[in-house]
>>> print(open('target20.cif').read())   # mmCIF, C-alpha atoms
data_structure
loop_
_atom_site.label_atom_id
_atom_site.label_comp_id
_atom_site.auth_asym_id
_atom_site.auth_seq_id
_atom_site.Cartn_x
_atom_site.Cartn_y
_atom_site.Cartn_z
CA MET W 1 -4.67 210.38 -103.52
CA MET W 2 -7.20 209.19 -100.95
CA HIS W 3 -5.85 207.64 -97.77
CA VAL W 4 -7.38 205.66 -94.92
CA THR W 5 -6.78 208.21 -92.18
CA ASN W 6 -9.79 207.85 -89.92
CA ARG W 7 -11.20 204.38 -90.50
CA ARG W 8 -13.76 204.28 -87.74
CA LEU W 9 -15.79 207.17 -89.16
CA TRP W 10 -16.97 205.08 -92.07
CA ILE W 11 -18.23 202.32 -89.84
CA VAL W 12 -21.36 204.44 -89.36
CA VAL W 13 -22.67 202.66 -92.45
CA ALA W 14 -22.22 199.25 -90.88
CA ALA W 15 -23.42 200.48 -87.50
CA VAL W 16 -26.69 201.74 -88.95
CA GLY W 17 -27.06 198.45 -90.81
CA LEU W 18 -26.53 196.56 -87.59
CA VAL W 19 -29.11 198.58 -85.71
CA ALA W 20 -31.60 197.99 -88.51
CA CYS W 21 -30.77 194.30 -88.52
CA GLN W 22 -31.46 194.04 -84.79
CA ARG W 23 -34.61 196.12 -84.45
CA ALA W 24 -36.06 196.72 -87.91
CA GLU W 25 -39.80 197.02 -88.26
CA ARG W 26 -39.71 196.77 -92.06
CA PRO W 27 -38.34 193.56 -93.58
CA PHE W 28 -36.16 195.26 -96.20
CA GLU W 29 -34.11 196.92 -93.48
CA SER W 30 -32.84 193.62 -92.17
CA ARG W 31 -31.29 192.33 -95.36
CA ALA W 32 -27.86 193.97 -95.06
CA PRO W 33 -25.24 191.72 -93.50
CA ALA W 34 -23.46 193.86 -90.93
CA ALA W 35 -19.86 194.23 -92.03
CA VAL W 36 -16.79 196.39 -91.96
CA ALA W 37 -16.84 199.71 -93.84
CA TYR W 38 -13.86 202.01 -93.61
CA ALA W 39 -13.22 205.73 -94.05
CA SER W 40 -11.06 206.87 -96.91
CA GLN W 41 -10.54 210.57 -96.23
CA ASP W 42 -10.41 213.11 -93.43
CA LEU W 43 -13.63 214.69 -92.23
CA ASN W 44 -13.85 218.16 -90.77
CA HIS W 45 -14.32 218.55 -87.03
CA GLY W 46 -18.10 219.00 -87.23
CA ASP W 47 -18.60 215.91 -89.38
CA ARG W 48 -16.31 213.87 -87.15
CA PHE W 49 -18.16 214.92 -84.00
CA ALA W 50 -21.57 214.12 -85.52
CA THR W 51 -20.40 210.78 -86.88
CA ASP W 52 -18.83 209.75 -83.59
CA ALA W 53 -22.12 210.55 -81.85
CA VAL W 54 -23.97 208.22 -84.23
CA LEU W 55 -21.42 205.49 -83.62
CA GLN W 56 -21.60 205.90 -79.86
CA ASN W 57 -25.36 205.45 -79.94
CA ALA W 58 -25.01 202.32 -82.06
CA VAL W 59 -22.36 200.90 -79.74
CA LYS W 60 -24.55 201.54 -76.69
CA LEU W 61 -27.42 199.66 -78.32
CA LEU W 62 -25.20 196.73 -79.23
CA LEU W 63 -23.60 196.59 -75.78
CA ALA W 64 -27.04 196.37 -74.26
CA GLN W 65 -28.04 193.53 -76.58
CA GLN W 66 -25.00 191.27 -76.21
CA SER W 67 -25.98 187.98 -74.60
CA SER W 68 -24.23 186.65 -71.51
CA ASP W 69 -22.36 184.07 -73.62
CA GLY W 70 -20.89 186.81 -75.81
CA ALA W 71 -23.20 186.38 -78.79
CA TRP W 72 -25.65 188.76 -80.45
CA ARG W 73 -29.11 187.50 -81.30
CA SER W 74 -32.13 189.13 -82.88
CA ASP W 75 -35.40 189.07 -80.96
CA PHE W 76 -37.32 189.79 -84.17
CA TYR W 77 -36.09 187.64 -87.08
CA GLY W 78 -36.06 183.87 -86.81
CA SER W 79 -32.93 183.33 -88.88
CA PHE W 80 -31.01 185.69 -86.58
CA LYS W 81 -32.14 184.17 -83.29
CA GLU W 82 -29.08 181.92 -83.04
CA GLY W 83 -25.81 183.62 -82.18
CA ASP W 84 -23.96 182.38 -85.26
CA ALA W 85 -25.77 184.68 -87.71
CA LEU W 86 -24.94 188.04 -86.15
CA THR W 87 -22.03 187.65 -83.73
CA ALA W 88 -19.15 187.42 -86.20
CA GLN W 89 -20.39 190.33 -88.28
CA VAL W 90 -21.14 192.54 -85.27
CA LEU W 91 -17.71 191.89 -83.82
CA ALA W 92 -15.90 192.49 -87.12
CA ALA W 93 -17.69 195.83 -87.48
CA TRP W 94 -17.11 196.76 -83.86
CA LEU W 95 -13.39 196.09 -84.09
CA ALA W 96 -13.22 198.49 -87.02
CA ILE W 97 -14.88 201.21 -84.96
CA GLY W 98 -12.50 200.83 -82.03
CA PRO W 99 -13.40 201.76 -78.46
CA LEU W 100 -15.88 204.58 -78.01
CA GLY W 101 -16.63 205.64 -74.46
CA ASP W 102 -16.07 202.95 -71.81
CA ARG W 103 -12.86 201.17 -72.91
CA ALA W 104 -13.07 198.49 -70.22
CA ARG W 105 -16.62 197.57 -71.19
CA TYR W 106 -15.64 197.51 -74.86
CA ASP W 107 -12.69 195.21 -74.21
CA THR W 108 -14.85 192.87 -72.14
CA ALA W 109 -17.52 192.67 -74.85
CA VAL W 110 -14.89 191.98 -77.56
CA ALA W 111 -13.26 189.26 -75.46
CA ARG W 112 -16.60 187.55 -74.78
CA ALA W 113 -17.57 187.61 -78.46
CA ARG W 114 -14.20 186.19 -79.51
CA GLU W 115 -14.59 183.42 -76.98
CA TYR W 116 -18.03 182.63 -78.38
CA LEU W 117 -16.64 182.34 -81.93
CA SER W 118 -13.64 180.31 -80.75
CA ALA W 119 -15.90 177.92 -78.81
CA MET W 120 -17.65 177.07 -82.09
CA VAL W 121 -14.43 175.24 -83.07
CA ASP W 122 -13.69 171.90 -81.39
CA ASP W 123 -10.27 170.50 -80.42
CA ARG W 124 -9.90 168.86 -83.83
CA GLY W 125 -10.47 172.10 -85.72
CA ARG W 126 -14.02 171.30 -86.80
CA ILE W 127 -16.85 173.82 -86.69
CA ARG W 128 -19.58 173.09 -84.13
CA SER W 129 -22.77 174.18 -85.84
CA PRO W 130 -25.92 175.13 -83.90
CA GLN W 131 -28.67 172.52 -83.72
CA HIS W 132 -30.24 173.69 -86.97
CA GLY W 133 -26.94 174.42 -88.73
CA LEU W 134 -25.35 177.74 -89.61
CA ALA W 135 -27.94 180.18 -90.96
CA TYR W 136 -25.42 182.10 -93.06
CA PRO W 137 -22.34 179.86 -93.20
CA ILE W 138 -20.11 181.92 -95.49
CA TYR W 139 -20.91 185.27 -93.85
CA THR W 140 -20.40 183.73 -90.41
CA ALA W 141 -17.10 182.12 -91.35
CA ALA W 142 -15.81 185.25 -93.08
CA GLY W 143 -16.80 187.48 -90.17
CA ALA W 144 -15.20 185.09 -87.70
CA VAL W 145 -11.91 185.12 -89.60
CA ILE W 146 -11.89 188.93 -89.73
CA ALA W 147 -12.87 189.24 -86.05
CA LEU W 148 -10.26 186.74 -84.84
CA ALA W 149 -7.43 187.76 -87.18
CA SER W 150 -6.36 190.71 -85.02
CA SER W 151 -6.00 188.61 -81.85
CA SER W 152 -2.72 186.98 -80.85
CA ASP W 153 -4.37 184.63 -78.35
CA GLU W 154 -3.44 181.06 -79.33
CA ARG W 155 -7.02 179.79 -79.09
CA HIS W 156 -8.21 182.60 -81.31
CA VAL W 157 -5.47 181.95 -83.85
CA LEU W 158 -6.41 178.27 -84.00
CA ALA W 159 -10.09 179.15 -84.38
CA ARG W 160 -9.28 181.69 -87.10
CA ASP W 161 -7.37 179.03 -89.01
CA ALA W 162 -10.26 176.58 -88.64
CA TRP W 163 -12.75 179.11 -90.00
CA THR W 164 -10.35 179.92 -92.84
CA THR W 165 -10.11 176.22 -93.74
CA TYR W 166 -13.91 176.06 -93.63
CA LEU W 167 -14.05 178.84 -96.24
CA ARG W 168 -11.42 177.31 -98.48
CA GLN W 169 -13.22 173.96 -98.50
CA ARG W 170 -16.39 175.60 -99.84
CA GLN W 171 -14.90 177.34 -102.84
CA LEU W 172 -15.93 175.71 -106.12
CA THR W 173 -12.57 174.45 -107.41
CA GLU W 174 -10.89 171.31 -108.75
CA ALA W 175 -11.06 169.76 -105.28
CA LEU W 176 -14.83 169.51 -105.73
CA GLY W 177 -14.71 168.44 -109.35
CA TRP W 178 -15.05 171.88 -110.95
CA SER W 179 -12.86 172.97 -113.86
CA GLU W 180 -11.80 176.36 -115.15
CA ALA W 181 -14.21 175.94 -118.05
CA ASP W 182 -17.18 175.97 -115.64
CA ARG W 183 -18.76 179.38 -115.18
CA GLU W 184 -19.19 178.68 -111.47
CA PHE W 185 -15.49 177.92 -110.99
CA GLY W 186 -13.80 179.93 -108.23
CA GLY W 187 -16.89 181.31 -106.53
CA TRP W 188 -18.57 180.76 -103.18
CA GLY W 189 -22.26 180.14 -102.56
CA TYR W 190 -24.37 179.89 -99.41
CA ALA W 191 -24.31 176.13 -98.88
CA ALA W 192 -23.20 174.89 -95.47
CA GLU W 193 -21.48 171.87 -97.01
CA PRO W 194 -18.93 171.77 -99.85
CA ALA W 195 -20.72 171.55 -103.21
CA PRO W 196 -19.28 168.94 -105.60
CA LYS W 197 -19.95 169.48 -109.28
CA PRO W 198 -23.19 167.66 -110.09
CA ALA W 199 -23.40 164.98 -112.76
CA ALA W 200 -24.14 166.13 -116.29
CA GLY W 201 -27.72 167.30 -116.61
CA GLN W 202 -28.22 167.62 -112.85
CA PRO W 203 -28.87 171.09 -111.40
CA LEU W 204 -26.76 172.79 -108.77
CA GLY W 205 -28.92 173.85 -105.82
CA ASP W 206 -29.62 177.53 -105.24
CA LEU W 207 -27.62 177.62 -102.00
CA ALA W 208 -24.62 175.99 -103.64
CA THR W 209 -24.71 178.28 -106.68
CA PRO W 210 -21.89 180.81 -106.28
CA ASN W 211 -22.72 184.49 -105.97
CA LEU W 212 -20.78 187.72 -105.82
CA SER W 213 -21.68 188.66 -102.25
CA ALA W 214 -20.53 185.42 -100.64
CA THR W 215 -17.41 185.55 -102.79
CA VAL W 216 -16.37 189.07 -101.79
CA PHE W 217 -16.89 188.27 -98.09
CA ALA W 218 -14.72 185.17 -98.47
CA LEU W 219 -12.05 187.22 -100.24
CA GLU W 220 -12.01 189.80 -97.44
CA ALA W 221 -11.60 187.03 -94.91
CA LEU W 222 -8.73 185.41 -96.81
CA GLN W 223 -6.99 188.77 -96.98
CA ALA W 224 -7.48 189.27 -93.23
CA ALA W 225 -5.96 185.82 -92.65
CA GLY W 226 -2.85 186.89 -94.54
CA ALA W 227 -3.48 185.56 -98.06
CA SER W 228 -1.98 187.57 -100.91
CA SER W 229 -3.48 188.16 -104.34
CA SER W 230 -1.24 185.37 -105.67
CA ASP W 231 -2.93 182.80 -103.40
CA PRO W 232 -4.51 180.14 -105.66
CA ALA W 233 -7.91 180.58 -104.00
CA ILE W 234 -7.88 184.28 -104.79
CA SER W 235 -6.64 183.76 -108.35
CA LYS W 236 -9.47 181.28 -108.96
CA ALA W 237 -12.05 183.57 -107.39
CA ARG W 238 -11.10 186.34 -109.79
CA ARG W 239 -12.29 184.21 -112.71
CA PHE W 240 -15.75 183.91 -111.22
CA VAL W 241 -15.84 187.61 -110.33
CA GLU W 242 -15.00 188.62 -113.90
CA ARG W 243 -17.84 186.47 -115.24
CA CYS W 244 -20.30 188.49 -113.16
CA GLN W 245 -19.35 191.77 -114.88
CA ASN W 246 -21.32 193.17 -117.78
CA VAL W 247 -18.27 193.94 -119.85
CA ALA W 248 -16.51 192.29 -122.79
CA LEU W 249 -12.87 193.10 -123.44
CA ASP W 250 -13.06 191.21 -126.73
CA SER W 251 -14.81 193.43 -129.30
CA ALA W 252 -16.28 190.36 -131.00
CA GLN W 253 -18.22 189.56 -127.82
CA ARG W 254 -19.16 193.13 -126.93
CA ASP W 255 -22.65 194.58 -127.13
CA PRO W 256 -22.66 198.27 -126.08
CA ALA W 257 -26.33 198.06 -125.16
CA PHE W 258 -25.53 195.59 -122.38
CA ASP W 259 -21.80 195.84 -121.60
CA ASP W 260 -22.00 198.87 -119.31
CA GLY W 261 -19.26 197.85 -116.83
CA GLY W 262 -21.61 197.05 -113.95
CA PHE W 263 -22.03 193.72 -112.16
CA VAL W 264 -24.75 191.20 -111.40
CA PHE W 265 -25.11 189.13 -108.24
CA VAL W 266 -25.27 185.65 -109.73
CA LEU W 267 -25.00 184.03 -113.14
CA ASP W 268 -28.15 183.20 -115.11
CA ASP W 269 -30.76 183.90 -112.43
CA PRO W 270 -33.61 186.31 -113.26
CA VAL W 271 -34.90 186.33 -109.68
CA ARG W 272 -31.85 186.68 -107.46
CA ASN W 273 -30.35 189.32 -109.74
CA LYS W 274 -32.26 192.12 -108.06
CA ALA W 275 -32.55 194.37 -111.13
CA GLY W 276 -33.89 191.55 -113.31
CA VAL W 277 -33.50 190.67 -116.97
CA ARG W 278 -32.43 193.46 -119.29
CA GLY W 279 -32.88 191.67 -122.59
CA VAL W 280 -31.17 189.56 -125.24
CA ASP W 281 -27.92 190.83 -126.74
CA ARG W 282 -26.80 190.72 -130.37
CA LEU W 283 -25.29 187.26 -129.84
CA GLY W 284 -28.58 185.86 -128.54
CA ARG W 285 -27.54 185.74 -124.88
CA GLN W 286 -29.96 186.65 -122.09
CA ARG W 287 -28.43 189.54 -120.14
CA PHE W 288 -29.15 190.87 -116.68
CA ALA W 289 -29.20 194.51 -115.58
CA SER W 290 -26.31 195.90 -113.56
CA TYR W 291 -27.10 197.45 -110.18
CA GLY W 292 -25.43 199.28 -107.32
CA SER W 293 -24.75 196.72 -104.61
CA ALA W 294 -23.51 194.11 -107.09
CA THR W 295 -21.27 196.62 -108.86
CA ALA W 296 -19.74 197.83 -105.60
CA ASP W 297 -19.19 194.20 -104.59
CA GLY W 298 -17.66 193.39 -107.96
CA LEU W 299 -15.27 196.32 -107.79
CA ARG W 300 -14.27 195.39 -104.22
CA ALA W 301 -13.67 191.83 -105.35
CA LEU W 302 -11.50 192.88 -108.29
CA LEU W 303 -9.35 195.01 -106.00
CA LEU W 304 -9.08 192.21 -103.43
CA CYS W 305 -7.93 189.93 -106.25
CA GLY W 306 -5.09 192.30 -107.07
CA ALA W 307 -6.55 194.27 -109.98
CA THR W 308 -4.91 197.68 -110.37
CA ALA W 309 -6.57 201.06 -110.80
CA ASP W 310 -5.87 201.08 -114.54
CA ASP W 311 -7.26 197.60 -115.14
CA PRO W 312 -10.01 197.96 -117.82
CA ARG W 313 -12.47 196.08 -115.63
CA VAL W 314 -11.79 198.34 -112.65
CA VAL W 315 -12.12 201.44 -114.82
CA ALA W 316 -15.41 200.20 -116.28
CA ALA W 317 -16.85 199.46 -112.82
CA TRP W 318 -15.87 202.89 -111.49
CA GLN W 319 -17.48 204.51 -114.54
CA TRP W 320 -20.73 202.64 -113.87
CA LEU W 321 -20.77 203.84 -110.26
CA GLU W 322 -19.99 207.40 -111.31
CA ARG W 323 -22.87 207.41 -113.80
CA HIS W 324 -25.34 205.99 -111.30
CA PHE W 325 -24.23 207.24 -107.87
CA THR W 326 -26.88 208.23 -105.37
CA ALA W 327 -26.71 208.18 -101.58
CA ASP W 328 -30.43 207.95 -100.86
CA ASN W 329 -31.48 205.12 -103.14
CA HIS W 330 -30.18 201.86 -104.52
CA PRO W 331 -29.15 202.56 -108.13
CA GLY W 332 -29.69 200.37 -111.16
CA ASP W 333 -31.95 199.94 -114.18
CA TYR W 334 -34.55 197.80 -112.47
CA ALA W 335 -37.20 195.97 -114.43
CA ASP W 336 -40.75 197.02 -113.60
CA ASP W 337 -41.46 193.75 -111.79
CA GLN W 338 -38.29 194.13 -109.68
CA GLN W 339 -38.92 197.58 -108.21
CA ALA W 340 -39.77 196.15 -104.78
CA ALA W 341 -36.31 194.60 -104.62
CA LYS W 342 -34.63 197.96 -105.10
CA ARG W 343 -34.83 198.98 -101.45
CA SER W 344 -34.14 195.51 -100.08
CA VAL W 345 -30.36 195.92 -100.23
CA TYR W 346 -30.02 199.67 -99.68
CA PHE W 347 -27.93 199.34 -96.49
CA TYR W 348 -25.82 196.67 -98.13
CA TYR W 349 -25.19 199.02 -101.08
CA CYS W 350 -24.06 201.79 -98.71
CA HIS W 351 -21.73 199.43 -96.89
CA SER W 352 -20.18 198.01 -100.03
CA LEU W 353 -19.71 201.42 -101.64
CA ALA W 354 -18.04 202.65 -98.44
CA ALA W 355 -15.63 199.72 -98.60
CA VAL W 356 -14.88 200.53 -102.24
CA LEU W 357 -14.03 204.12 -101.35
CA ALA W 358 -11.66 202.85 -98.67
CA ALA W 359 -9.87 200.69 -101.21
CA ASP W 360 -9.60 203.49 -103.77
CA HIS W 361 -6.09 204.75 -104.53
CA SER W 362 -6.90 207.06 -107.40
CA SER W 363 -4.24 209.63 -108.24
CA ASN W 364 -6.79 211.59 -110.29
CA PRO W 365 -7.67 214.73 -108.26
CA ALA W 366 -11.09 215.13 -109.89
CA ALA W 367 -12.04 211.51 -109.20
CA ALA W 368 -10.76 211.74 -105.62
CA ALA W 369 -12.79 214.89 -104.97
CA ARG W 370 -15.90 213.35 -106.51
CA ARG W 371 -15.61 210.23 -104.36
CA GLN W 372 -15.02 212.32 -101.25
CA ARG W 373 -18.36 214.03 -101.94
CA TRP W 374 -19.95 210.58 -102.13
CA ALA W 375 -18.57 209.82 -98.67
CA HIS W 376 -20.13 212.93 -97.17
CA GLU W 377 -23.46 212.23 -98.83
CA ILE W 378 -23.55 208.66 -97.56
CA ILE W 379 -22.73 209.77 -94.00
#
>>> encode(input="target20.cif", output="structure tokens")
Amino acid sequence: MMHVTNRRLWIVVAAVGLVACQRAERPFESRAPAAVAYASQDLNHGDRFATDAVLQNAVKLLLAQQSSDGAWRSDFYGSFKEGDALTAQVLAAWLAIGPLGDRARYDTAVARAREYLSAMVDDRGRIRSPQHGLAYPIYTAAGAVIALASSSDERHVLARDAWTTYLRQRQLTEALGWSEADREFGGWGYAAEPAPKPAAGQPLGDLATPNLSATVFALEALQAAGASSSDPAISKARRFVERCQNVALDSAQRDPAFDDGGFVFVLDDPVRNKAGVRGVDRLGRQRFASYGSATADGLRALLLCGATADDPRVVAAWQWLERHFTADNHPGDYADDQQAAKRSVYFYYCHSLAAVLAADHSSNPAAAARRQRWAHEII
């Protein structure tokens, strides 16, 4: 069985993503939201020493780039120039690393960043958005919950609860007019405001349309805030997550040419599903190709929703990853016109796969050994 015995070693994935996000010269390198990735097995002394050195360099860079108000801002990308986009994710990742080197400086930087996130909540528990609104509202809220959840300071607890409420209000549920029959039901999108179900025949905007990435970040935040898999929000999210998987448990609905166990990012979107359209199945439905980052996200989401290792959906997702694993590329059967998108979420794929490995509790020795090799290759 794989155990989380040295969590901070795996944060190298997030640390590298953060460095790329701050100083990337190529646009594709900036697309990965910096987030928490954990170790799931011991490393030998040489690997641990080398990994710690990488982390120390990343921490030094981030320390040097923290603003005086506690926030992190990009000096390269416009959407990251406000502190809301990066601060919560940087801090969540940094807390997973733990102190490296100067403990006093680390503690000071953490305290300043927490104060920045707490100050975004007013005395009535409402979120104070920057002048132009939150650039990445769900990622920011989720990162803030994770970053504040480990603090016992009363102001931080109140801010954590406010950010958690913010997330809950943006899930597509009955409170916004959605029903279980709606394919979007239970998911989260990117919209800054809650998204009521539109009138019949009216489209749902792209930002409001739920997607797997926003949903898994929200699920991680709810877990950090203390929600269990029986929480109604998590139970509802699982329904959306399952709809994003290319698998059919009912043989009457199954098409082996398309039901490969992998996941897609969003329902019915040939552009935002990075690997593109795969074809039309035997029932006449347009199907989208599975790919690495979405499948890792989908598997993480299933596990966060309480799915067990022997759940058919979990088994199918692991099998897809095992058939397609690579550490130096973003896997998936990409359409010819989608090849440019393949590299755009490489760092995100590495992060999400690392988080999946951390959540793995396989008792199968062969599977555990295989996944440990993946960890070494990613590092």
>>> resolve_selection(input="target20.cif", expression="the PyMOL selection byres ((chain W and resi 173) around 9)", output="NGL selection string")
:W and (169-172 or 174-180 or 184-187 or 196 or 233 or 236)
>>> write_last_selection(input="target20.cif", atoms="C-alpha atoms", output="PDB file, keeping the file's coordinate frame")
ATOM      1  CA  GLN W 169     -13.220 173.960 -98.500  1.00  0.00           C
ATOM      2  CA  ARG W 170     -16.390 175.600 -99.840  1.00  0.00           C
ATOM      3  CA  GLN W 171     -14.900 177.340-102.840  1.00  0.00           C
ATOM      4  CA  LEU W 172     -15.930 175.710-106.120  1.00  0.00           C
ATOM      5  CA  GLU W 174     -10.890 171.310-108.750  1.00  0.00           C
ATOM      6  CA  ALA W 175     -11.060 169.760-105.280  1.00  0.00           C
ATOM      7  CA  LEU W 176     -14.830 169.510-105.730  1.00  0.00           C
ATOM      8  CA  GLY W 177     -14.710 168.440-109.350  1.00  0.00           C
ATOM      9  CA  TRP W 178     -15.050 171.880-110.950  1.00  0.00           C
ATOM     10  CA  SER W 179     -12.860 172.970-113.860  1.00  0.00           C
ATOM     11  CA  GLU W 180     -11.800 176.360-115.150  1.00  0.00           C
ATOM     12  CA  GLU W 184     -19.190 178.680-111.470  1.00  0.00           C
ATOM     13  CA  PHE W 185     -15.490 177.920-110.990  1.00  0.00           C
ATOM     14  CA  GLY W 186     -13.800 179.930-108.230  1.00  0.00           C
ATOM     15  CA  GLY W 187     -16.890 181.310-106.530  1.00  0.00           C
ATOM     16  CA  PRO W 196     -19.280 168.940-105.600  1.00  0.00           C
ATOM     17  CA  ALA W 233      -7.910 180.580-104.000  1.00  0.00           C
ATOM     18  CA  LYS W 236      -9.470 181.280-108.960  1.00  0.00           C
TER      19      LYS W 236
END
>>> resolve_selection(input="target20.cif", expression="the PyMOL selection byres ((chain W and resi 70) around 9)", output="list in words")
Gln66, Ser67, Ser68, Asp69, Ala71, Trp72, Gly83, Thr87, Ala109, Val110, Ala111, Arg112, Ala113, Arg114, Glu115, Tyr116 and Leu117 of chain W
>>> atom_distance(input="target20.cif", atom1="CA of Gly201 (chain W)", atom2="CA of Gly189 (chain W)")
19.8 Å
>>> residues_around(input="target20.cif", residues="Thr308 (chain W)", least_positions_apart="3", cutoff="12 Å", atoms="only C-alpha atoms", output="MDAnalysis selection string")
chainID W and resid 229 299:305 311:315 359:362
>>> atom_distance(input="target20.cif", atom1="CA of Ala237 (chain W)", atom2="CA of Phe217 (chain W)")
11.5 Å
>>> resolve_selection(input="target20.cif", expression="the PyMOL selection byres ((chain W and resi 145) around 12)", output="PyMOL selection string")
chain W and resi 87-89+91-92+114+117-118+138-144+146-151+156-168+217-227
>>> closest_residue(input="target20.cif", among="W:Gly78, W:Pro137, W:Pro256, W:Gly101", to="Leu63 (chain W)", atoms="all atoms listed in the file")
W:Gly101
>>> atom_distance(input="target20.cif", atom1="CA of Ala307 (chain W)", atom2="CA of Arg239 (chain W)")
11.9 Å
>>> residues_around(input="target20.cif", residues="region 132-134 of chain W", least_positions_apart="4", cutoff="9 Å", atoms="all atoms listed in the file", output="number ranges by chain")
W: 82, 84-85, 128, 138, 140, 192
>>> closest_residue(input="target20.cif", among="W:Gly284, W:Gly298, W:Ala316, W:Ser230", to="Gly261 (chain W)", atoms="only C-alpha atoms")
W:Ala316
>>> closest_residue(input="target20.cif", among="W:Ala294, W:Ala317, W:Ser363, W:Leu100", to="Thr51 (chain W)", atoms="only C-alpha atoms")
W:Leu100
>>> residues_around(input="target20.cif", residues="Asp259 (chain W)", least_positions_apart="4", cutoff="6 Å", atoms="only C-alpha atoms", output="ChimeraX atom specification")
/W:246-247,255
>>> closest_residue(input="target20.cif", among="W:Asn364, W:Ser344, W:Asn273, W:Gln56", to="Ile97 (chain W)", atoms="all atoms listed in the file")
W:Gln56
>>> build_atoms(input="target20.cif", residues="region 144-156 of chain W", atoms="N, CA and C atoms", output="short mmCIF file (atom, residue, chain, number, x, y, z; two decimals), in the coordinates of the input")
data_model
loop_
_atom_site.label_atom_id
_atom_site.label_comp_id
_atom_site.auth_asym_id
_atom_site.auth_seq_id
_atom_site.Cartn_x
_atom_site.Cartn_y
_atom_site.Cartn_z
N ALA W 144 -16.00 185.67 -88.78
CA ALA W 144 -15.20 185.09 -87.70
C ALA W 144 -13.71 185.23 -88.00
N VAL W 145 -13.32 184.97 -89.23
CA VAL W 145 -11.91 185.12 -89.60
C VAL W 145 -11.45 186.56 -89.39
N ILE W 146 -12.25 187.51 -89.87
CA ILE W 146 -11.89 188.93 -89.73
C ILE W 146 -11.83 189.33 -88.26
N ALA W 147 -12.80 188.86 -87.47
CA ALA W 147 -12.87 189.24 -86.05
C ALA W 147 -11.75 188.61 -85.23
N LEU W 148 -11.29 187.44 -85.61
CA LEU W 148 -10.26 186.74 -84.84
C LEU W 148 -8.85 187.03 -85.36
N ALA W 149 -8.75 187.58 -86.56
CA ALA W 149 -7.43 187.76 -87.18
C ALA W 149 -6.55 188.75 -86.42
N SER W 150 -7.15 189.69 -85.72
CA SER W 150 -6.36 190.71 -85.02
C SER W 150 -5.99 190.31 -83.60
N SER W 151 -6.34 189.09 -83.20
CA SER W 151 -6.00 188.61 -81.85
C SER W 151 -4.77 187.70 -81.92
N SER W 152 -3.91 187.83 -80.92
CA SER W 152 -2.72 186.98 -80.85
C SER W 152 -2.91 185.81 -79.90
N ASP W 153 -4.08 185.74 -79.25
CA ASP W 153 -4.37 184.63 -78.35
C ASP W 153 -4.32 183.31 -79.14
N GLU W 154 -3.64 182.32 -78.60
CA GLU W 154 -3.44 181.06 -79.33
C GLU W 154 -4.76 180.40 -79.70
N ARG W 155 -5.72 180.40 -78.79
CA ARG W 155 -7.02 179.79 -79.09
C ARG W 155 -7.71 180.51 -80.22
N HIS W 156 -7.58 181.83 -80.25
CA HIS W 156 -8.21 182.60 -81.31
C HIS W 156 -7.53 182.36 -82.65
#
